[in-house]
$ cat start-v4.pdb   # PDB, C-alpha atoms
MODEL        1
ATOM      1  CA  MET A  93       0.000   0.000   0.000  1.00  0.00           C
ATOM      2  CA  PRO A  94       1.542   3.370  -0.996  1.00  0.00           C
ATOM      3  CA  VAL A  95       2.584   5.642   1.834  1.00  0.00           C
ATOM      4  CA  SER A  96       0.743   8.932   2.242  1.00  0.00           C
ATOM      5  CA  ALA A  97       2.011  12.328   3.349  1.00  0.00           C
ATOM      6  CA  GLU A  98      -0.113  11.980   6.488  1.00  0.00           C
ATOM      7  CA  ASP A  99       1.427   8.603   7.378  1.00  0.00           C
ATOM      8  CA  LEU A 100       4.936   9.917   6.819  1.00  0.00           C
ATOM      9  CA  LEU A 101       4.304  13.038   8.888  1.00  0.00           C
ATOM     10  CA  SER A 102       3.089  10.816  11.713  1.00  0.00           C
ATOM     11  CA  MET A 103       6.333   8.810  11.432  1.00  0.00           C
ATOM     12  CA  VAL A 104       8.760  11.728  11.328  1.00  0.00           C
ATOM     13  CA  GLN A 105       7.055  13.498  14.234  1.00  0.00           C
ATOM     14  CA  GLN A 106       8.552  10.767  16.374  1.00  0.00           C
ATOM     15  CA  TYR A 107      12.065  12.000  15.486  1.00  0.00           C
ATOM     16  CA  TRP A 108      11.875  15.764  14.932  1.00  0.00           C
ATOM     17  CA  ARG A 109      10.418  18.512  17.129  1.00  0.00           C
ATOM     18  CA  SER A 110       8.420  21.605  16.292  1.00  0.00           C
ATOM     19  CA  ASP A 111      10.097  23.774  18.970  1.00  0.00           C
ATOM     20  CA  HIS A 112      13.491  24.625  20.462  1.00  0.00           C
ATOM     21  CA  GLU A 113      12.666  23.499  23.992  1.00  0.00           C
ATOM     22  CA  PHE A 114      15.700  21.232  24.299  1.00  0.00           C
ATOM     23  CA  ASP A 115      18.242  23.458  22.535  1.00  0.00           C
ATOM     24  CA  ASP A 116      19.937  24.639  25.741  1.00  0.00           C
ATOM     25  CA  LYS A 117      19.329  21.557  27.860  1.00  0.00           C
ATOM     26  CA  PRO A 118      22.037  19.003  28.629  1.00  0.00           C
ATOM     27  CA  GLU A 119      19.716  16.083  27.950  1.00  0.00           C
ATOM     28  CA  ASN A 120      18.411  15.008  24.578  1.00  0.00           C
ATOM     29  CA  SER A 121      14.779  15.342  23.668  1.00  0.00           C
ATOM     30  CA  PRO A 122      12.708  12.142  23.423  1.00  0.00           C
ATOM     31  CA  GLU A 123      12.698  12.675  19.639  1.00  0.00           C
ATOM     32  CA  THR A 124      16.493  12.818  19.495  1.00  0.00           C
ATOM     33  CA  GLU A 125      16.742   9.663  21.587  1.00  0.00           C
ATOM     34  CA  ARG A 126      14.403   7.862  19.188  1.00  0.00           C
ATOM     35  CA  PHE A 127      16.486   9.164  16.244  1.00  0.00           C
ATOM     36  CA  HIS A 128      19.644   7.719  17.815  1.00  0.00           C
ATOM     37  CA  ASP A 129      17.858   4.422  18.459  1.00  0.00           C
ATOM     38  CA  ALA A 130      16.732   4.301  14.814  1.00  0.00           C
ATOM     39  CA  TRP A 131      20.333   4.733  13.674  1.00  0.00           C
ATOM     40  CA  GLU A 132      21.572   2.136  16.144  1.00  0.00           C
ATOM     41  CA  GLN A 133      19.245  -0.384  14.526  1.00  0.00           C
ATOM     42  CA  ALA A 134      20.023   0.801  10.997  1.00  0.00           C
ATOM     43  CA  LEU A 135      23.788   0.501  11.470  1.00  0.00           C
ATOM     44  CA  LYS A 136      23.351  -3.224  11.971  1.00  0.00           C
ATOM     45  CA  LYS A 137      22.528  -3.270   8.246  1.00  0.00           C
ATOM     46  CA  LEU A 138      25.471  -1.148   7.136  1.00  0.00           C
ATOM     47  CA  ASP A 139      27.145  -4.164   5.500  1.00  0.00           C
ATOM     48  CA  GLU A 140      24.018  -4.642   3.387  1.00  0.00           C
ATOM     49  CA  TRP A 141      24.257  -1.032   2.186  1.00  0.00           C
ATOM     50  CA  ARG A 142      27.927  -1.569   1.354  1.00  0.00           C
ATOM     51  CA  ALA A 143      26.933  -4.674  -0.597  1.00  0.00           C
ATOM     52  CA  LEU A 144      24.484  -2.556  -2.605  1.00  0.00           C
ATOM     53  CA  MET A 145      27.288  -0.177  -3.490  1.00  0.00           C
ATOM     54  CA  GLY A 146      29.370  -3.185  -4.521  1.00  0.00           C
ATOM     55  CA  GLU A 147      26.575  -4.180  -6.906  1.00  0.00           C
ATOM     56  CA  LEU A 148      26.581  -0.658  -8.333  1.00  0.00           C
ATOM     57  CA  ARG A 149      30.355  -0.855  -8.903  1.00  0.00           C
ATOM     58  CA  VAL A 150      29.883  -4.081 -10.854  1.00  0.00           C
ATOM     59  CA  GLU A 151      27.078  -2.638 -12.983  1.00  0.00           C
ATOM     60  CA  LEU A 152      28.743   0.766 -13.463  1.00  0.00           C
ATOM     61  CA  PRO A 153      32.482  -0.077 -13.551  1.00  0.00           C
ATOM     62  CA  HIS A 154      33.416   3.060 -15.491  1.00  0.00           C
ATOM     63  CA  LEU A 155      32.042   5.409 -12.795  1.00  0.00           C
ATOM     64  CA  ASN A 156      33.004   6.278  -9.229  1.00  0.00           C
ATOM     65  CA  ILE A 157      30.620   5.081  -6.505  1.00  0.00           C
ATOM     66  CA  GLY A 158      30.857   6.997  -3.230  1.00  0.00           C
ATOM     67  CA  HIS A 159      29.551   6.260   0.268  1.00  0.00           C
ATOM     68  CA  ALA A 160      28.065   9.435   1.756  1.00  0.00           C
ATOM     69  CA  THR A 161      26.101   8.156   4.746  1.00  0.00           C
ATOM     70  CA  ALA A 162      26.283  10.456   7.771  1.00  0.00           C
ATOM     71  CA  THR A 163      24.328   9.645  10.922  1.00  0.00           C
ATOM     72  CA  CYS A 164      23.263  13.272  11.352  1.00  0.00           C
ATOM     73  CA  ASP A 165      21.029  12.675   8.308  1.00  0.00           C
ATOM     74  CA  PRO A 166      18.152  10.192   8.511  1.00  0.00           C
ATOM     75  CA  CYS A 167      19.255   8.008   5.591  1.00  0.00           C
ATOM     76  CA  PHE A 168      21.829   5.755   4.050  1.00  0.00           C
ATOM     77  CA  LYS A 169      23.312   7.588   1.078  1.00  0.00           C
ATOM     78  CA  CYS A 170      25.386   6.638  -1.957  1.00  0.00           C
ATOM     79  CA  MET A 171      26.617   8.633  -4.946  1.00  0.00           C
ATOM     80  CA  VAL A 172      27.413   7.839  -8.538  1.00  0.00           C
ATOM     81  CA  TYR A 173      29.860  10.384  -9.970  1.00  0.00           C
ATOM     82  CA  THR A 174      30.261  11.019 -13.670  1.00  0.00           C
ATOM     83  CA  ASN A 175      33.566  12.191 -15.067  1.00  0.00           C
ATOM     84  CA  GLN A 176      33.970  15.940 -15.441  1.00  0.00           C
ATOM     85  CA  GLN A 177      32.754  17.108 -18.836  1.00  0.00           C
ATOM     86  CA  PRO A 178      34.164  20.238 -20.522  1.00  0.00           C
ATOM     87  CA  VAL A 179      31.611  23.028 -20.852  1.00  0.00           C
ATOM     88  CA  SER A 180      33.904  25.728 -22.169  1.00  0.00           C
ATOM     89  CA  SER A 181      36.892  25.844 -24.478  1.00  0.00           C
ATOM     90  CA  ASP A 182      37.113  29.626 -24.630  1.00  0.00           C
ATOM     91  CA  PRO A 183      40.776  30.487 -25.330  1.00  0.00           C
ATOM     92  CA  GLN A 184      40.244  33.769 -23.444  1.00  0.00           C
ATOM     93  CA  GLU A 185      39.828  31.868 -20.170  1.00  0.00           C
ATOM     94  CA  ASP A 186      42.921  31.093 -18.131  1.00  0.00           C
ATOM     95  CA  GLU A 187      41.394  27.820 -16.852  1.00  0.00           C
ATOM     96  CA  PRO A 188      38.889  25.573 -18.632  1.00  0.00           C
ATOM     97  CA  ARG A 189      35.404  25.143 -17.199  1.00  0.00           C
ATOM     98  CA  SER A 190      33.893  21.710 -16.670  1.00  0.00           C
ATOM     99  CA  ARG A 191      30.831  20.087 -15.118  1.00  0.00           C
ATOM    100  CA  LEU A 192      30.357  17.051 -12.911  1.00  0.00           C
ATOM    101  CA  TRP A 193      27.027  15.263 -12.430  1.00  0.00           C
ATOM    102  CA  THR A 194      26.260  13.200  -9.350  1.00  0.00           C
ATOM    103  CA  VAL A 195      23.295  10.876  -8.862  1.00  0.00           C
ATOM    104  CA  VAL A 196      22.463  10.317  -5.197  1.00  0.00           C
ATOM    105  CA  GLY A 197      20.489   7.396  -3.796  1.00  0.00           C
ATOM    106  CA  CYS A 198      19.004   7.717  -0.307  1.00  0.00           C
ATOM    107  CA  LEU A 199      17.258   5.076   1.799  1.00  0.00           C
ATOM    108  CA  SER A 200      15.496   6.528   4.833  1.00  0.00           C
ATOM    109  CA  VAL A 201      16.139   4.907   8.203  1.00  0.00           C
ATOM    110  CA  LEU A 202      12.897   6.392   9.558  1.00  0.00           C
ATOM    111  CA  ALA A 203      10.384   5.065   6.994  1.00  0.00           C
ATOM    112  CA  PRO A 204      10.366   2.408   4.213  1.00  0.00           C
ATOM    113  CA  VAL A 205      10.978   4.941   1.430  1.00  0.00           C
ATOM    114  CA  TYR A 206      13.855   5.988  -0.798  1.00  0.00           C
ATOM    115  CA  THR A 207      14.660   8.748  -3.246  1.00  0.00           C
ATOM    116  CA  VAL A 208      17.139   9.366  -6.046  1.00  0.00           C
ATOM    117  CA  TYR A 209      18.143  12.897  -7.003  1.00  0.00           C
ATOM    118  CA  GLY A 210      20.892  14.632  -8.943  1.00  0.00           C
ATOM    119  CA  VAL A 211      23.450  17.348  -8.226  1.00  0.00           C
ATOM    120  CA  GLN A 212      25.462  19.382 -10.726  1.00  0.00           C
ATOM    121  CA  TYR A 213      28.802  20.984  -9.840  1.00  0.00           C
ATOM    122  CA  ASP A 214      30.541  23.471 -12.117  1.00  0.00           C
ATOM    123  CA  TYR A 215      34.312  23.768 -11.978  1.00  0.00           C
ATOM    124  CA  LYS A 216      36.854  26.291 -13.141  1.00  0.00           C
ATOM    125  CA  GLY A 217      40.101  24.385 -13.197  1.00  0.00           C
ATOM    126  CA  ARG A 218      39.959  22.294 -10.004  1.00  0.00           C
ATOM    127  CA  GLU A 219      37.786  24.678  -8.004  1.00  0.00           C
ATOM    128  CA  VAL A 220      34.018  24.374  -7.658  1.00  0.00           C
ATOM    129  CA  ARG A 221      32.437  27.598  -8.925  1.00  0.00           C
ATOM    130  CA  GLY A 222      29.060  28.793  -7.744  1.00  0.00           C
ATOM    131  CA  ALA A 223      26.407  26.915  -5.829  1.00  0.00           C
ATOM    132  CA  ALA A 224      25.613  23.323  -6.652  1.00  0.00           C
ATOM    133  CA  ARG A 225      22.328  22.745  -8.496  1.00  0.00           C
ATOM    134  CA  VAL A 226      20.005  20.058  -7.139  1.00  0.00           C
ATOM    135  CA  PHE A 227      17.574  18.217  -9.439  1.00  0.00           C
ATOM    136  CA  PHE A 228      14.588  16.108  -8.459  1.00  0.00           C
ATOM    137  CA  GLU A 229      12.268  14.099 -10.681  1.00  0.00           C
ATOM    138  CA  PRO A 230      12.133  14.410 -13.566  1.00  0.00           C
ATOM    139  CA  LEU A 231      15.919  14.388 -13.670  1.00  0.00           C
ATOM    140  CA  PRO A 232      17.915  15.827 -16.580  1.00  0.00           C
ATOM    141  CA  ALA A 233      18.383  13.353 -19.428  1.00  0.00           C
ATOM    142  CA  GLN A 234      22.065  12.733 -18.637  1.00  0.00           C
ATOM    143  CA  MET A 235      21.139  11.519 -15.118  1.00  0.00           C
ATOM    144  CA  GLN A 236      18.113   9.366 -15.880  1.00  0.00           C
ATOM    145  CA  ALA A 237      19.786   6.078 -16.815  1.00  0.00           C
ATOM    146  CA  LEU A 238      22.053   6.176 -13.747  1.00  0.00           C
ATOM    147  CA  ALA A 239      19.118   7.087 -11.509  1.00  0.00           C
ATOM    148  CA  GLN A 240      17.176   4.081 -12.815  1.00  0.00           C
ATOM    149  CA  VAL A 241      20.056   1.755 -11.979  1.00  0.00           C
ATOM    150  CA  VAL A 242      20.333   3.115  -8.420  1.00  0.00           C
ATOM    151  CA  ALA A 243      16.553   2.977  -7.901  1.00  0.00           C
ATOM    152  CA  ARG A 244      16.356  -0.592  -9.187  1.00  0.00           C
ATOM    153  CA  LYS A 245      19.125  -1.753  -6.836  1.00  0.00           C
ATOM    154  CA  ILE A 246      17.518  -0.122  -3.772  1.00  0.00           C
ATOM    155  CA  GLU A 247      14.088  -1.555  -4.589  1.00  0.00           C
ATOM    156  CA  ALA A 248      15.461  -5.040  -5.229  1.00  0.00           C
ATOM    157  CA  ARG A 249      17.494  -5.187  -2.028  1.00  0.00           C
ATOM    158  CA  TYR A 250      15.178  -3.359   0.385  1.00  0.00           C
ATOM    159  CA  GLY A 251      11.685  -3.433  -1.101  1.00  0.00           C
ATOM    160  CA  ALA A 252      11.414   0.269  -0.292  1.00  0.00           C
ATOM    161  CA  GLU A 253       9.004   2.571  -2.094  1.00  0.00           C
ATOM    162  CA  ALA A 254      10.133   5.555  -4.146  1.00  0.00           C
ATOM    163  CA  LEU A 255       8.866   8.742  -2.501  1.00  0.00           C
ATOM    164  CA  PRO A 256       6.961  10.773  -5.118  1.00  0.00           C
ATOM    165  CA  ARG A 257       8.163  14.333  -5.516  1.00  0.00           C
ATOM    166  CA  LYS A 258       4.745  15.750  -4.667  1.00  0.00           C
ATOM    167  CA  ILE A 259       4.775  14.004  -1.290  1.00  0.00           C
ATOM    168  CA  ALA A 260       8.479  14.749  -0.699  1.00  0.00           C
ATOM    169  CA  GLU A 261       7.750  18.472  -1.090  1.00  0.00           C
ATOM    170  CA  THR A 262       4.938  18.435   1.511  1.00  0.00           C
ATOM    171  CA  ARG A 263       5.582  21.209   4.039  1.00  0.00           C
ATOM    172  CA  ILE A 264       5.706  20.017   7.633  1.00  0.00           C
ATOM    173  CA  PRO A 265       5.670  21.891  10.977  1.00  0.00           C
ATOM    174  CA  LEU A 266       8.959  20.424  12.210  1.00  0.00           C
ATOM    175  CA  ILE A 267      12.536  21.593  12.680  1.00  0.00           C
ATOM    176  CA  VAL A 268      15.206  19.513  10.925  1.00  0.00           C
ATOM    177  CA  HIS A 269      18.629  20.844  11.854  1.00  0.00           C
ATOM    178  CA  ARG A 270      18.680  24.365  10.391  1.00  0.00           C
ATOM    179  CA  LYS A 271      15.512  23.912   8.334  1.00  0.00           C
ATOM    180  CA  GLU A 272      12.485  25.425  10.036  1.00  0.00           C
ATOM    181  CA  PRO A 273       8.840  25.907   9.051  1.00  0.00           C
ATOM    182  CA  PRO A 274       7.623  26.960   6.579  1.00  0.00           C
ATOM    183  CA  GLU A 275      10.669  25.693   4.608  1.00  0.00           C
ATOM    184  CA  THR A 276      10.835  22.189   6.127  1.00  0.00           C
ATOM    185  CA  THR A 277       9.527  19.370   3.938  1.00  0.00           C
ATOM    186  CA  LEU A 278       9.112  15.622   4.264  1.00  0.00           C
ATOM    187  CA  PHE A 279      12.213  15.267   2.061  1.00  0.00           C
ATOM    188  CA  HIS A 280      14.286  17.075   4.705  1.00  0.00           C
ATOM    189  CA  ALA A 281      12.869  14.986   7.549  1.00  0.00           C
ATOM    190  CA  LEU A 282      13.293  11.646   5.757  1.00  0.00           C
ATOM    191  CA  PHE A 283      16.572  12.158   3.875  1.00  0.00           C
ATOM    192  CA  THR A 284      18.578  15.357   4.336  1.00  0.00           C
ATOM    193  CA  PRO A 285      18.064  19.088   4.847  1.00  0.00           C
ATOM    194  CA  GLU A 286      21.114  19.786   2.634  1.00  0.00           C
ATOM    195  CA  PRO A 287      20.897  17.629  -0.503  1.00  0.00           C
ATOM    196  CA  GLU A 288      23.724  19.559  -2.172  1.00  0.00           C
ATOM    197  CA  ASN A 289      26.156  18.911   0.687  1.00  0.00           C
ATOM    198  CA  LEU A 290      28.140  15.921  -0.560  1.00  0.00           C
ATOM    199  CA  PRO A 291      31.775  14.841  -0.276  1.00  0.00           C
ATOM    200  CA  LEU A 292      33.636  15.544  -3.520  1.00  0.00           C
TER     201      LEU A 292
ENDMDL
END
$ encode --input "start-v4.pdb" --output "structure tokens"
Amino acid sequence: MPVSAEDLLSMVQQYWRSDHEFDDKPENSPETERFHDAWEQALKKLDEWRALMGELRVELPHLNIGHATATCDPCFKCMVYTNQQPVSSDPQEDEPRSRLWTVVGCLSVLAPVYTVYGVQYDYKGREVRGAARVFFEPLPAQMQALAQVVARKIEARYGAEALPRKIAETRIPLIVHRKEPPETTLFHALFTPEPENLPL
């Protein structure tokens, strides 16, 4: 049965608060304790997530597969990096410009859902220039085939459901790290409040 925004909000309310009551207290909130417990259980399956990335390396041997899981975020996370592609050959420029695409697969540890999104980084020489651009479904054409591979592997191994963009963008009255209402969405609460923040 497909998950609904209401069901997911009910789930994430167990892990995120709508106030700052515990900000200056030495003890954790009950929500934070439940979040830590969820990760304690999830980390028992870390080898399974590593095995999934091994499957991706076999299927995509020409690309770099990165492990980006961080227990401050509520998900396991992996990345598929493309090679940098030239976007400028202007002889006037002292350094060439290039672009790197990354497809990111996330499996929530709070609910049986996953998502796949894309990030674009522009470089001048070896330096990232400007803010990263984040793409959700529908992804740009150059990301779609990779995204399908990542989605297929997550579904096959975990039986998780892809979170539709419309539900992912549902605004929720909760605080997720530095995201506060009205900006906070189910995506932030289930996966990450900073989708562009990835190790490069």
$ residues_around --input "start-v4.pdb" --residues "Glu147 in chain A" --least-positions-apart "4" --cutoff "8 Å" --atoms "only C-alpha atoms" --output "list of chain:residue names"
A:Ala143, A:Glu151, A:Lys245
$ resolve_selection --input "start-v4.pdb" --expression "the PyMOL selection byres ((chain A and resi 199-216) around 6)" --output "JSON, numbers by chain"
{"A": [166, 167, 168, 188, 189, 190, 191, 192, 193, 194, 195, 196, 197, 198, 217, 218, 219, 220, 221, 224, 225, 226, 227, 228, 252, 253, 254, 255, 282, 283]}
$ atom_distance --input "start-v4.pdb" --atom1 "CA of Ala97 in chain A" --atom2 "CA of Leu266 in chain A"
13.9 Å
$ closest_residue --input "start-v4.pdb" --among "A:Arg126, A:Met171, A:Asp115, A:Cys164" --to "Ala239 in chain A" --atoms "only C-alpha atoms"
A:Met171
$ closest_residue --input "start-v4.pdb" --among "A:Glu286, A:Asp116, A:Glu261, A:Glu140" --to "Ile246 in chain A" --atoms "all atoms listed in the file"
A:Glu140
$ resolve_selection --input "start-v4.pdb" --expression "the PyMOL selection byres ((chain A and resi 272) around 12)" --output "PyMOL selection string"
chain A and resi 108-112+263-271+273-278+280-281+285
$ write_last_selection --input "start-v4.pdb" --atoms "C-alpha atoms" --output "mmCIF file, in the frame of the given file"
data_model
loop_
_atom_site.group_PDB
_atom_site.id
_atom_site.type_symbol
_atom_site.label_atom_id
_atom_site.label_comp_id
_atom_site.auth_asym_id
_atom_site.auth_seq_id
_atom_site.Cartn_x
_atom_site.Cartn_y
_atom_site.Cartn_z
ATOM 1 C CA TRP A 108 11.875 15.764 14.932
ATOM 2 C CA ARG A 109 10.418 18.512 17.129
ATOM 3 C CA SER A 110 8.420 21.605 16.292
ATOM 4 C CA ASP A 111 10.097 23.774 18.970
ATOM 5 C CA HIS A 112 13.491 24.625 20.462
ATOM 6 C CA ARG A 263 5.582 21.209 4.039
ATOM 7 C CA ILE A 264 5.706 20.017 7.633
ATOM 8 C CA PRO A 265 5.670 21.891 10.977
ATOM 9 C CA LEU A 266 8.959 20.424 12.210
ATOM 10 C CA ILE A 267 12.536 21.593 12.680
ATOM 11 C CA VAL A 268 15.206 19.513 10.925
ATOM 12 C CA HIS A 269 18.629 20.844 11.854
ATOM 13 C CA ARG A 270 18.680 24.365 10.391
ATOM 14 C CA LYS A 271 15.512 23.912 8.334
ATOM 15 C CA PRO A 273 8.840 25.907 9.051
ATOM 16 C CA PRO A 274 7.623 26.960 6.579
ATOM 17 C CA GLU A 275 10.669 25.693 4.608
ATOM 18 C CA THR A 276 10.835 22.189 6.127
ATOM 19 C CA THR A 277 9.527 19.370 3.938
ATOM 20 C CA LEU A 278 9.112 15.622 4.264
ATOM 21 C CA HIS A 280 14.286 17.075 4.705
ATOM 22 C CA ALA A 281 12.869 14.986 7.549
ATOM 23 C CA PRO A 285 18.064 19.088 4.847
#
$ closest_residue --input "start-v4.pdb" --among "A:Leu100, A:Val172, A:Val95, A:Ala233" --to "Gly146 in chain A" --atoms "only C-alpha atoms"
A:Val172
$ closest_residue --input "start-v4.pdb" --among "A:Ala223, A:Lys137, A:Pro153, A:Val179" --to "Tyr250 in chain A" --atoms "all atoms listed in the file"
A:Lys137
$ atom_distance --input "start-v4.pdb" --atom1 "CA of Tyr173 in chain A" --atom2 "CA of Leu152 in chain A"
10.3 Å
$ residues_around --input "start-v4.pdb" --residues "Glu123 in chain A" --least-positions-apart "5" --cutoff "10 Å" --atoms "all atoms listed in the file" --output "list in words"
Val104, Gln105, Gln106, Tyr107, Trp108, Arg109, His128 and Asp129 of chain A
$ write_last_selection --input "start-v4.pdb" --atoms "C-alpha atoms" --output "compact mmCIF listing (two decimals), in the coordinates of the input"
# COMPACT_ATOMS: atom_id res chain seq x y z
CA VAL A 104 8.76 11.73 11.33
CA GLN A 105 7.06 13.50 14.23
CA GLN A 106 8.55 10.77 16.37
CA TYR A 107 12.06 12.00 15.49
CA TRP A 108 11.88 15.76 14.93
CA ARG A 109 10.42 18.51 17.13
CA HIS A 128 19.64 7.72 17.82
CA ASP A 129 17.86 4.42 18.46
$ closest_residue --input "start-v4.pdb" --among "A:Phe127, A:Leu138, A:Ser121, A:Met145" --to "Val241 in chain A" --atoms "only C-alpha atoms"
A:Met145
$ closest_residue --input "start-v4.pdb" --among "A:Leu238, A:Leu101, A:Ile259, A:Ala243" --to "His154 in chain A" --atoms "only C-alpha atoms"
A:Leu238
$ atom_distance --input "start-v4.pdb" --atom1 "CA of Pro291 in chain A" --atom2 "CA of His159 in chain A"
8.9 Å
